[in-house]
file structure-v6.pdb (PDB, C-alpha atoms and all ligand atoms)
ATOM      1  CA  MET A  53     100.839  52.025 -88.603
ATOM      2  CA  ASN A  54      99.626  50.517 -85.367
ATOM      3  CA  PRO A  55      95.976  51.625 -84.836
ATOM      4  CA  ALA A  56      96.886  52.560 -81.290
ATOM      5  CA  ASP A  57      99.259  55.167 -82.715
ATOM      6  CA  GLU A  58      96.617  56.814 -84.895
ATOM      7  CA  ALA A  59      94.931  60.042 -83.915
ATOM      8  CA  PRO A  60      91.878  59.542 -81.682
ATOM      9  CA  ASN A  61      88.551  59.623 -83.467
ATOM     10  CA  VAL A  62      86.534  59.784 -80.232
ATOM     11  CA  GLU A  63      87.002  62.592 -77.749
ATOM     12  CA  LEU A  64      84.400  62.740 -75.013
ATOM     13  CA  THR A  65      83.842  63.939 -71.519
ATOM     14  CA  VAL A  66      82.511  60.961 -69.587
ATOM     15  CA  ASN A  67      81.354  61.502 -66.025
ATOM     16  CA  GLY A  68      83.477  64.626 -65.912
ATOM     17  CA  GLN A  69      86.644  62.980 -67.235
ATOM     18  CA  ALA A  70      88.185  63.717 -70.633
ATOM     19  CA  VAL A  71      88.509  60.565 -72.745
ATOM     20  CA  ARG A  72      90.379  60.190 -76.062
ATOM     21  CA  ARG A  73      90.472  56.910 -77.953
ATOM     22  CA  ARG A  74      90.908  55.451 -81.423
ATOM     23  CA  VAL A  75      88.076  53.004 -82.090
ATOM     24  CA  ASP A  76      86.511  51.292 -85.065
ATOM     25  CA  ASP A  77      84.054  53.668 -86.754
ATOM     26  CA  ARG A  78      81.274  51.077 -86.247
ATOM     27  CA  THR A  79      81.695  50.968 -82.470
ATOM     28  CA  LEU A  80      78.469  51.708 -80.654
ATOM     29  CA  LEU A  81      78.554  54.188 -77.803
ATOM     30  CA  VAL A  82      77.285  51.514 -75.405
ATOM     31  CA  ASP A  83      80.131  49.189 -76.353
ATOM     32  CA  PHE A  84      82.632  52.016 -76.057
ATOM     33  CA  LEU A  85      81.409  52.789 -72.546
ATOM     34  CA  ARG A  86      81.331  49.174 -71.411
ATOM     35  CA  ARG A  87      84.289  47.644 -73.232
ATOM     36  CA  ASP A  88      86.716  50.504 -73.670
ATOM     37  CA  LEU A  89      85.992  52.437 -70.475
ATOM     38  CA  GLY A  90      84.790  49.608 -68.207
ATOM     39  CA  LEU A  91      81.593  51.468 -67.294
ATOM     40  CA  THR A  92      79.438  48.358 -67.100
ATOM     41  CA  GLY A  93      76.549  50.005 -65.268
ATOM     42  CA  THR A  94      75.156  50.775 -68.718
ATOM     43  CA  HIS A  95      73.528  47.533 -69.812
ATOM     44  CA  VAL A  96      72.676  45.877 -73.115
ATOM     45  CA  GLY A  97      69.322  44.151 -72.998
ATOM     46  CA  CYS A  98      68.250  43.767 -76.628
ATOM     47  CA  ASP A  99      69.337  43.942 -80.237
ATOM     48  CA  THR A 100      66.373  46.027 -81.268
ATOM     49  CA  SER A 101      66.654  49.412 -79.487
ATOM     50  CA  GLN A 102      63.559  48.616 -77.443
ATOM     51  CA  CYS A 103      64.614  47.884 -73.863
ATOM     52  CA  GLY A 104      66.279  51.130 -72.783
ATOM     53  CA  ALA A 105      68.796  49.370 -70.539
ATOM     54  CA  CYS A 106      71.568  51.252 -72.353
ATOM     55  CA  THR A 107      70.191  54.747 -71.663
ATOM     56  CA  VAL A 108      72.768  57.427 -70.813
ATOM     57  CA  ARG A 109      72.782  61.215 -70.793
ATOM     58  CA  LEU A 110      74.404  62.685 -73.904
ATOM     59  CA  ASP A 111      74.704  66.468 -74.024
ATOM     60  CA  GLY A 112      71.917  66.782 -71.490
ATOM     61  CA  LEU A 113      69.458  64.400 -73.110
ATOM     62  CA  ALA A 114      68.599  60.797 -72.346
ATOM     63  CA  VAL A 115      69.606  58.620 -75.295
ATOM     64  CA  LYS A 116      69.785  54.903 -75.963
ATOM     65  CA  SER A 117      73.500  54.412 -76.344
ATOM     66  CA  CYS A 118      72.992  51.357 -78.560
ATOM     67  CA  THR A 119      71.563  53.692 -81.200
ATOM     68  CA  VAL A 120      74.544  56.072 -81.272
ATOM     69  CA  LEU A 121      77.985  55.469 -82.721
ATOM     70  CA  ALA A 122      80.857  56.446 -80.463
ATOM     71  CA  VAL A 123      82.254  58.643 -83.247
ATOM     72  CA  GLN A 124      78.869  60.397 -83.566
ATOM     73  CA  ALA A 125      79.035  61.305 -79.897
ATOM     74  CA  SER A 126      82.574  62.652 -80.193
ATOM     75  CA  GLY A 127      82.893  66.151 -78.810
ATOM     76  CA  GLY A 128      80.000  65.525 -76.475
ATOM     77  CA  GLU A 129      79.453  65.078 -72.785
ATOM     78  CA  VAL A 130      78.244  61.728 -71.499
ATOM     79  CA  VAL A 131      76.964  60.895 -68.039
ATOM     80  CA  THR A 132      76.371  57.276 -67.122
ATOM     81  CA  ILE A 133      74.805  55.785 -64.025
ATOM     82  CA  GLU A 134      78.283  55.730 -62.466
ATOM     83  CA  GLY A 135      78.429  59.514 -62.805
ATOM     84  CA  LEU A 136      75.264  60.320 -60.896
ATOM     85  CA  GLN A 137      76.391  59.916 -57.327
ATOM     86  CA  LYS A 138      78.390  62.616 -55.596
ATOM     87  CA  ASP A 139      82.135  62.269 -55.133
ATOM     88  CA  ASP A 140      81.559  61.561 -51.428
ATOM     89  CA  GLY A 141      79.408  58.565 -52.346
ATOM     90  CA  THR A 142      76.045  60.202 -51.670
ATOM     91  CA  LEU A 143      73.522  58.739 -54.045
ATOM     92  CA  HIS A 144      71.623  60.853 -56.543
ATOM     93  CA  PRO A 145      67.988  61.405 -55.452
ATOM     94  CA  LEU A 146      66.826  59.041 -58.184
ATOM     95  CA  GLN A 147      69.168  56.307 -57.003
ATOM     96  CA  GLN A 148      68.041  56.776 -53.408
ATOM     97  CA  ALA A 149      64.386  56.879 -54.388
ATOM     98  CA  PHE A 150      64.629  53.617 -56.327
ATOM     99  CA  ILE A 151      65.955  52.004 -53.147
ATOM    100  CA  ASP A 152      63.434  53.690 -50.845
ATOM    101  CA  CYS A 153      60.441  52.828 -53.033
ATOM    102  CA  HIS A 154      61.501  49.229 -53.783
ATOM    103  CA  ALA A 155      61.625  50.148 -57.461
ATOM    104  CA  LEU A 156      64.083  47.437 -58.441
ATOM    105  CA  GLN A 157      64.268  43.700 -58.147
ATOM    106  CA  CYS A 158      66.921  42.134 -60.375
ATOM    107  CA  GLY A 159      68.218  45.622 -61.162
ATOM    108  CA  PHE A 160      69.040  44.957 -64.798
ATOM    109  CA  CYS A 161      66.795  47.709 -66.127
ATOM    110  CA  THR A 162      67.528  50.109 -63.272
ATOM    111  CA  PRO A 163      70.445  52.131 -64.686
ATOM    112  CA  GLY A 164      68.506  52.787 -67.874
ATOM    113  CA  MET A 165      65.337  53.606 -65.958
ATOM    114  CA  ILE A 166      67.188  56.079 -63.790
ATOM    115  CA  MET A 167      68.911  57.757 -66.723
ATOM    116  CA  ALA A 168      65.603  58.049 -68.602
ATOM    117  CA  ALA A 169      63.957  59.510 -65.489
ATOM    118  CA  ASP A 170      66.918  61.848 -65.131
ATOM    119  CA  GLY A 171      66.098  63.125 -68.612
ATOM    120  CA  LEU A 172      62.575  63.967 -67.487
ATOM    121  CA  LEU A 173      63.684  65.670 -64.282
ATOM    122  CA  ARG A 174      66.224  67.766 -66.144
ATOM    123  CA  SER A 175      63.756  68.727 -68.866
ATOM    124  CA  GLY A 176      61.841  71.092 -66.614
ATOM    125  CA  ARG A 177      58.564  69.480 -67.645
ATOM    126  CA  PRO A 178      55.964  68.799 -64.952
ATOM    127  CA  VAL A 179      56.561  65.448 -63.314
ATOM    128  CA  ASP A 180      53.289  63.605 -62.970
ATOM    129  CA  HIS A 181      52.019  60.121 -63.696
ATOM    130  CA  ASP A 182      51.527  60.745 -67.401
ATOM    131  CA  SER A 183      54.859  62.473 -67.991
ATOM    132  CA  ILE A 184      56.700  59.728 -66.093
ATOM    133  CA  CYS A 185      54.992  57.036 -68.166
ATOM    134  CA  THR A 186      55.860  58.887 -71.347
ATOM    135  CA  ALA A 187      59.486  59.358 -70.307
ATOM    136  CA  LEU A 188      59.849  55.676 -69.435
ATOM    137  CA  GLU A 189      57.860  54.155 -72.280
ATOM    138  CA  GLY A 190      61.070  53.159 -74.065
ATOM    139  CA  ASN A 191      62.379  51.310 -71.019
ATOM    140  CA  LEU A 192      61.309  47.755 -70.229
ATOM    141  CA  CYS A 193      61.255  46.085 -66.824
ATOM    142  CA  ARG A 194      60.514  42.392 -66.427
ATOM    143  CA  CYS A 195      60.263  42.454 -62.642
ATOM    144  CA  THR A 196      58.534  45.323 -60.937
ATOM    145  CA  GLY A 197      55.266  46.109 -62.692
ATOM    146  CA  TYR A 198      56.414  49.745 -62.933
ATOM    147  CA  VAL A 199      54.255  51.071 -60.051
ATOM    148  CA  HIS A 200      57.164  51.449 -57.657
ATOM    149  CA  ILE A 201      59.332  52.903 -60.407
ATOM    150  CA  ILE A 202      56.789  55.657 -60.956
ATOM    151  CA  ASP A 203      56.652  56.252 -57.182
ATOM    152  CA  ALA A 204      60.433  56.557 -57.119
ATOM    153  CA  VAL A 205      60.536  59.132 -59.899
ATOM    154  CA  ARG A 206      57.890  61.164 -58.067
ATOM    155  CA  GLN A 207      59.935  61.028 -54.856
ATOM    156  CA  ALA A 208      63.098  62.115 -56.647
ATOM    157  CA  ALA A 209      61.273  64.951 -58.370
ATOM    158  CA  ALA A 210      60.324  66.308 -54.941
ATOM    159  CA  ALA A 211      63.920  66.250 -53.680
ATOM    160  CA  PRO A 212      65.885  69.517 -53.563
ATOM    161  CA  ARG A 213      67.907  70.161 -56.707
ATOM    162  CA  ASP A 214      71.102  70.579 -54.686
ATOM    163  CA  ALA A 215      70.765  66.945 -53.623
ATOM    164  CA  GLU A 216      71.778  65.957 -57.143
ATOM    165  CA  GLY A 217      75.230  64.576 -57.654
ATOM    166  CA  ARG A 218      78.087  65.698 -59.854
ATOM    167  CA  GLY A 219      76.311  64.298 -62.913
TER
HETATM  168  S1  LIG B 301      70.289  47.725 -75.453
HETATM  169 FE1  LIG B 301      69.754  49.696 -76.149
HETATM  170  S2  LIG B 301      67.597  49.680 -76.204
HETATM  171 FE2  LIG B 301      68.105  47.648 -75.574
HETATM  172  S1  LIG B 302      64.157  45.212 -61.940
HETATM  173 FE1  LIG B 302      64.477  43.407 -63.130
HETATM  174  S2  LIG B 302      64.169  44.074 -65.170
HETATM  175 FE2  LIG B 302      63.570  45.765 -63.973
END
call {"tool": "encode", "arguments": {"input": "structure-v6.pdb", "output": "structure tokens"}}
result
Amino acid sequence: MNPADEAPNVELTVNGQAVRRRVDDRTLLVDFLRRDLGLTGTHVGCDTSQCGACTVRLDGLAVKSCTVLAVQASGGEVVTIEGLQKDDGTLHPLQQAFIDCHALQCGFCTPGMIMAADGLLRSGRPVDHDSICTALEGNLCRCTGYVHIIDAVRQAAAAPRDAEGRG
């Protein structure tokens, strides 16, 4: 039987859209997002689960999508960096704050940083210097020195909740 004809083994909601696919059981969620769905805003920066560039929201929590199999995530709800902005193009407060605070240079780490920060903002925990550092400790940036990133997360935390996008 052609694999394409087999029943899907991955059924997800990704950025609000239902997705059904048949993939190899070993396929990582990050590869599924990038290769199968073309959502290349989620980056791969290491082979060791250390850089955080692949961070996405899975069922409300920030996860490193290189540590999750696509089939493990099946049945879940994924939001990637592409899903954060509103349908009218308005940026999510975190996206806007990273621009306003000069919190990115090359931008490679930025999607993962934003999705990790999104996990903190959605957690309901106080957002202060220590909690931001803790939330981002699994995310590496080679460019910025982190100071502006922390400023950006603070700015976004002060934004009204209704400014958040569809994600
Ligand atoms: S690619 Fe996932 S942590 Fe580096
Ligand atoms: S902005 Fe370049 S790695 Fe963070």
call {"tool": "closest_atom_pairs", "arguments": {"input": "structure-v6.pdb", "of": "chain A", "to": "ligand LIG 302 (chain B)", "cutoff": "10 Å", "atoms": "only C-alpha atoms and all ligand atoms", "output": "CSV"}}
result
residue,atom,partner,partner_atom,distance
A:Gly97,CA,B:LIG302,S2,9.4
A:Cys103,CA,B:LIG302,S2,9.5
A:Ala105,CA,B:LIG302,S2,8.8
A:His154,CA,B:LIG302,S1,9.5
A:Ala155,CA,B:LIG302,S1,7.1
A:Leu156,CA,B:LIG302,S1,4.1
A:Gln157,CA,B:LIG302,S1,4.1
A:Cys158,CA,B:LIG302,FE1,3.9
A:Gly159,CA,B:LIG302,S1,4.2
A:Phe160,CA,B:LIG302,S2,5.0
A:Cys161,CA,B:LIG302,FE2,4.3
A:Thr162,CA,B:LIG302,FE2,5.9
A:Pro163,CA,B:LIG302,FE2,9.4
A:Gly164,CA,B:LIG302,FE2,9.4
A:Met165,CA,B:LIG302,FE2,8.3
A:Asn191,CA,B:LIG302,FE2,9.0
A:Leu192,CA,B:LIG302,S2,6.9
A:Cys193,CA,B:LIG302,FE2,3.7
A:Arg194,CA,B:LIG302,S2,4.2
A:Cys195,CA,B:LIG302,FE1,4.3
A:Thr196,CA,B:LIG302,S1,5.7
A:Gly197,CA,B:LIG302,FE2,8.4
A:Tyr198,CA,B:LIG302,FE2,8.3
A:Ile201,CA,B:LIG302,FE2,9.0
call {"tool": "residues_near_ligand", "arguments": {"input": "structure-v6.pdb", "ligand": "ligand LIG 301 (chain B)", "cutoff": "8 Å", "atoms": "only C-alpha atoms and all ligand atoms", "output": "list of chain:residue names"}}
result
A:Val82, A:His95, A:Val96, A:Gly97, A:Cys98, A:Asp99, A:Thr100, A:Ser101, A:Gln102, A:Cys103, A:Gly104, A:Ala105, A:Cys106, A:Thr107, A:Lys116, A:Ser117, A:Cys118, A:Thr119, A:Gly190, A:Asn191
call {"tool": "resolve_selection", "arguments": {"input": "structure-v6.pdb", "expression": "the PyMOL selection byres (((chain A and resi 174-189) around 7) and not hetatm)", "output": "PyMOL selection string"}}
result
chain A and resi 165+168-173+190-191+202+206+209
call {"tool": "resolve_selection", "arguments": {"input": "structure-v6.pdb", "expression": "the PyMOL selection byres (((chain A and resi 89) around 12) and not hetatm)", "output": "list of chain:residue names"}}
result
A:Leu64, A:Thr65, A:Val66, A:Asn67, A:Gln69, A:Ala70, A:Val71, A:Arg72, A:Arg73, A:Val75, A:Leu81, A:Val82, A:Asp83, A:Phe84, A:Leu85, A:Arg86, A:Arg87, A:Asp88, A:Gly90, A:Leu91, A:Thr92, A:Gly93, A:Thr94, A:Ala122, A:Thr132, A:Glu134
call {"tool": "atom_distance", "arguments": {"input": "structure-v6.pdb", "atom1": "atom CA of A:Asp139", "atom2": "atom CA of A:Glu63"}}
result
23.1 Å
call {"tool": "atom_distance", "arguments": {"input": "structure-v6.pdb", "atom1": "atom CA of A:Arg78", "atom2": "atom CA of A:Leu113"}}
result
22.1 Å
call {"tool": "closest_residue", "arguments": {"input": "structure-v6.pdb", "among": "A:Val205, A:Leu80, A:Val62, A:Val108", "to": "A:Pro145", "atoms": "only C-alpha atoms"}}
result
A:Val205
call {"tool": "atom_distance", "arguments": {"input": "structure-v6.pdb", "atom1": "atom CA of A:Arg109", "atom2": "atom CA of A:Val130"}}
result
5.5 Å
call {"tool": "closest_residue", "arguments": {"input": "structure-v6.pdb", "among": "A:Gln207, A:Pro212, A:Leu136, A:Thr79", "to": "A:Gln124", "atoms": "all atoms listed in the file"}}
result
A:Thr79
call {"tool": "closest_residue", "arguments": {"input": "structure-v6.pdb", "among": "A:Ile166, A:Leu110, A:Ile151, A:Leu143", "to": "A:Gly127", "atoms": "all atoms listed in the file"}}
result
A:Leu110
call {"tool": "build_atoms", "arguments": {"input": "structure-v6.pdb", "residues": "stretch 56-67 of chain A", "atoms": "all heavy atoms", "output": "mmCIF file, in the frame of the given file"}}
result
data_model
loop_
_atom_site.group_PDB
_atom_site.id
_atom_site.type_symbol
_atom_site.label_atom_id
_atom_site.label_comp_id
_atom_site.auth_asym_id
_atom_site.auth_seq_id
_atom_site.Cartn_x
_atom_site.Cartn_y
_atom_site.Cartn_z
ATOM 1 N N ALA A 56 96.774 51.863 -82.572
ATOM 2 C CA ALA A 56 96.886 52.560 -81.290
ATOM 3 C C ALA A 56 97.661 53.861 -81.433
ATOM 4 O O ALA A 56 97.540 54.765 -80.587
ATOM 5 C CB ALA A 56 97.558 51.655 -80.261
ATOM 6 N N ASP A 57 98.469 53.955 -82.517
ATOM 7 C CA ASP A 57 99.259 55.167 -82.715
ATOM 8 C C ASP A 57 98.515 56.232 -83.504
ATOM 9 O O ASP A 57 98.985 57.353 -83.650
ATOM 10 C CB ASP A 57 100.557 54.830 -83.463
ATOM 11 C CG ASP A 57 101.439 53.876 -82.668
ATOM 12 O OD1 ASP A 57 101.343 53.903 -81.422
ATOM 13 O OD2 ASP A 57 102.195 53.118 -83.309
ATOM 14 N N GLU A 58 97.353 55.860 -84.085
ATOM 15 C CA GLU A 58 96.617 56.814 -84.895
ATOM 16 C C GLU A 58 95.935 57.855 -84.023
ATOM 17 O O GLU A 58 95.687 57.638 -82.845
ATOM 18 C CB GLU A 58 95.570 56.075 -85.735
ATOM 19 C CG GLU A 58 96.173 55.127 -86.753
ATOM 20 C CD GLU A 58 95.099 54.414 -87.542
ATOM 21 O OE1 GLU A 58 94.042 55.029 -87.790
ATOM 22 O OE2 GLU A 58 95.320 53.255 -87.896
ATOM 23 N N ALA A 59 95.594 58.972 -84.657
ATOM 24 C CA ALA A 59 94.931 60.042 -83.915
ATOM 25 C C ALA A 59 93.579 59.551 -83.405
ATOM 26 O O ALA A 59 92.898 58.772 -84.075
ATOM 27 C CB ALA A 59 94.729 61.239 -84.830
ATOM 28 N N PRO A 60 93.179 59.978 -82.210
ATOM 29 C CA PRO A 60 91.878 59.542 -81.682
ATOM 30 C C PRO A 60 90.742 60.038 -82.567
ATOM 31 O O PRO A 60 90.796 61.133 -83.110
ATOM 32 C CB PRO A 60 91.820 60.181 -80.290
ATOM 33 C CG PRO A 60 92.786 61.308 -80.337
ATOM 34 C CD PRO A 60 93.857 60.908 -81.314
ATOM 35 N N ASN A 61 89.744 59.179 -82.737
ATOM 36 C CA ASN A 61 88.551 59.623 -83.467
ATOM 37 C C ASN A 61 87.360 59.811 -82.523
ATOM 38 O O ASN A 61 86.281 60.168 -82.954
ATOM 39 C CB ASN A 61 88.184 58.665 -84.610
ATOM 40 C CG ASN A 61 87.946 57.251 -84.130
ATOM 41 O OD1 ASN A 61 88.153 56.950 -82.963
ATOM 42 N ND2 ASN A 61 87.527 56.386 -85.032
ATOM 43 N N VAL A 62 87.570 59.547 -81.235
ATOM 44 C CA VAL A 62 86.534 59.784 -80.232
ATOM 45 C C VAL A 62 87.148 60.587 -79.101
ATOM 46 O O VAL A 62 88.129 60.168 -78.485
ATOM 47 C CB VAL A 62 85.964 58.459 -79.682
ATOM 48 C CG1 VAL A 62 84.972 58.736 -78.556
ATOM 49 C CG2 VAL A 62 85.305 57.665 -80.790
ATOM 50 N N GLU A 63 86.579 61.756 -78.872
ATOM 51 C CA GLU A 63 87.002 62.592 -77.749
ATOM 52 C C GLU A 63 85.748 63.007 -77.010
ATOM 53 O O GLU A 63 84.901 63.716 -77.555
ATOM 54 C CB GLU A 63 87.779 63.818 -78.238
ATOM 55 C CG GLU A 63 89.031 63.447 -79.010
ATOM 56 C CD GLU A 63 89.918 64.648 -79.306
ATOM 57 O OE1 GLU A 63 90.087 65.492 -78.400
ATOM 58 O OE2 GLU A 63 90.405 64.742 -80.435
ATOM 59 N N LEU A 64 85.612 62.532 -75.794
ATOM 60 C CA LEU A 64 84.400 62.740 -75.013
ATOM 61 C C LEU A 64 84.753 63.191 -73.613
ATOM 62 O O LEU A 64 85.851 62.926 -73.129
ATOM 63 C CB LEU A 64 83.631 61.415 -74.870
ATOM 64 C CG LEU A 64 82.884 60.841 -76.057
ATOM 65 C CD1 LEU A 64 82.428 59.433 -75.707
ATOM 66 C CD2 LEU A 64 81.686 61.714 -76.379
ATOM 67 N N THR A 65 83.783 63.804 -72.969
ATOM 68 C CA THR A 65 83.842 63.939 -71.519
ATOM 69 C C THR A 65 82.855 62.923 -70.964
ATOM 70 O O THR A 65 81.670 62.945 -71.318
ATOM 71 C CB THR A 65 83.447 65.359 -71.076
ATOM 72 O OG1 THR A 65 84.334 66.289 -71.704
ATOM 73 C CG2 THR A 65 83.545 65.502 -69.565
ATOM 74 N N VAL A 66 83.361 62.017 -70.157
ATOM 75 C CA VAL A 66 82.511 60.961 -69.587
ATOM 76 C C VAL A 66 82.572 61.068 -68.073
ATOM 77 O O VAL A 66 83.649 60.938 -67.473
ATOM 78 C CB VAL A 66 82.962 59.565 -70.050
ATOM 79 C CG1 VAL A 66 82.050 58.492 -69.449
ATOM 80 C CG2 VAL A 66 82.949 59.476 -71.569
ATOM 81 N N ASN A 67 81.435 61.333 -67.478
ATOM 82 C CA ASN A 67 81.354 61.502 -66.025
ATOM 83 C C ASN A 67 82.400 62.490 -65.523
ATOM 84 O O ASN A 67 83.052 62.283 -64.490
ATOM 85 C CB ASN A 67 81.477 60.145 -65.321
ATOM 86 C CG ASN A 67 80.365 59.206 -65.709
ATOM 87 O OD1 ASN A 67 79.284 59.636 -66.103
ATOM 88 N ND2 ASN A 67 80.615 57.916 -65.609
#
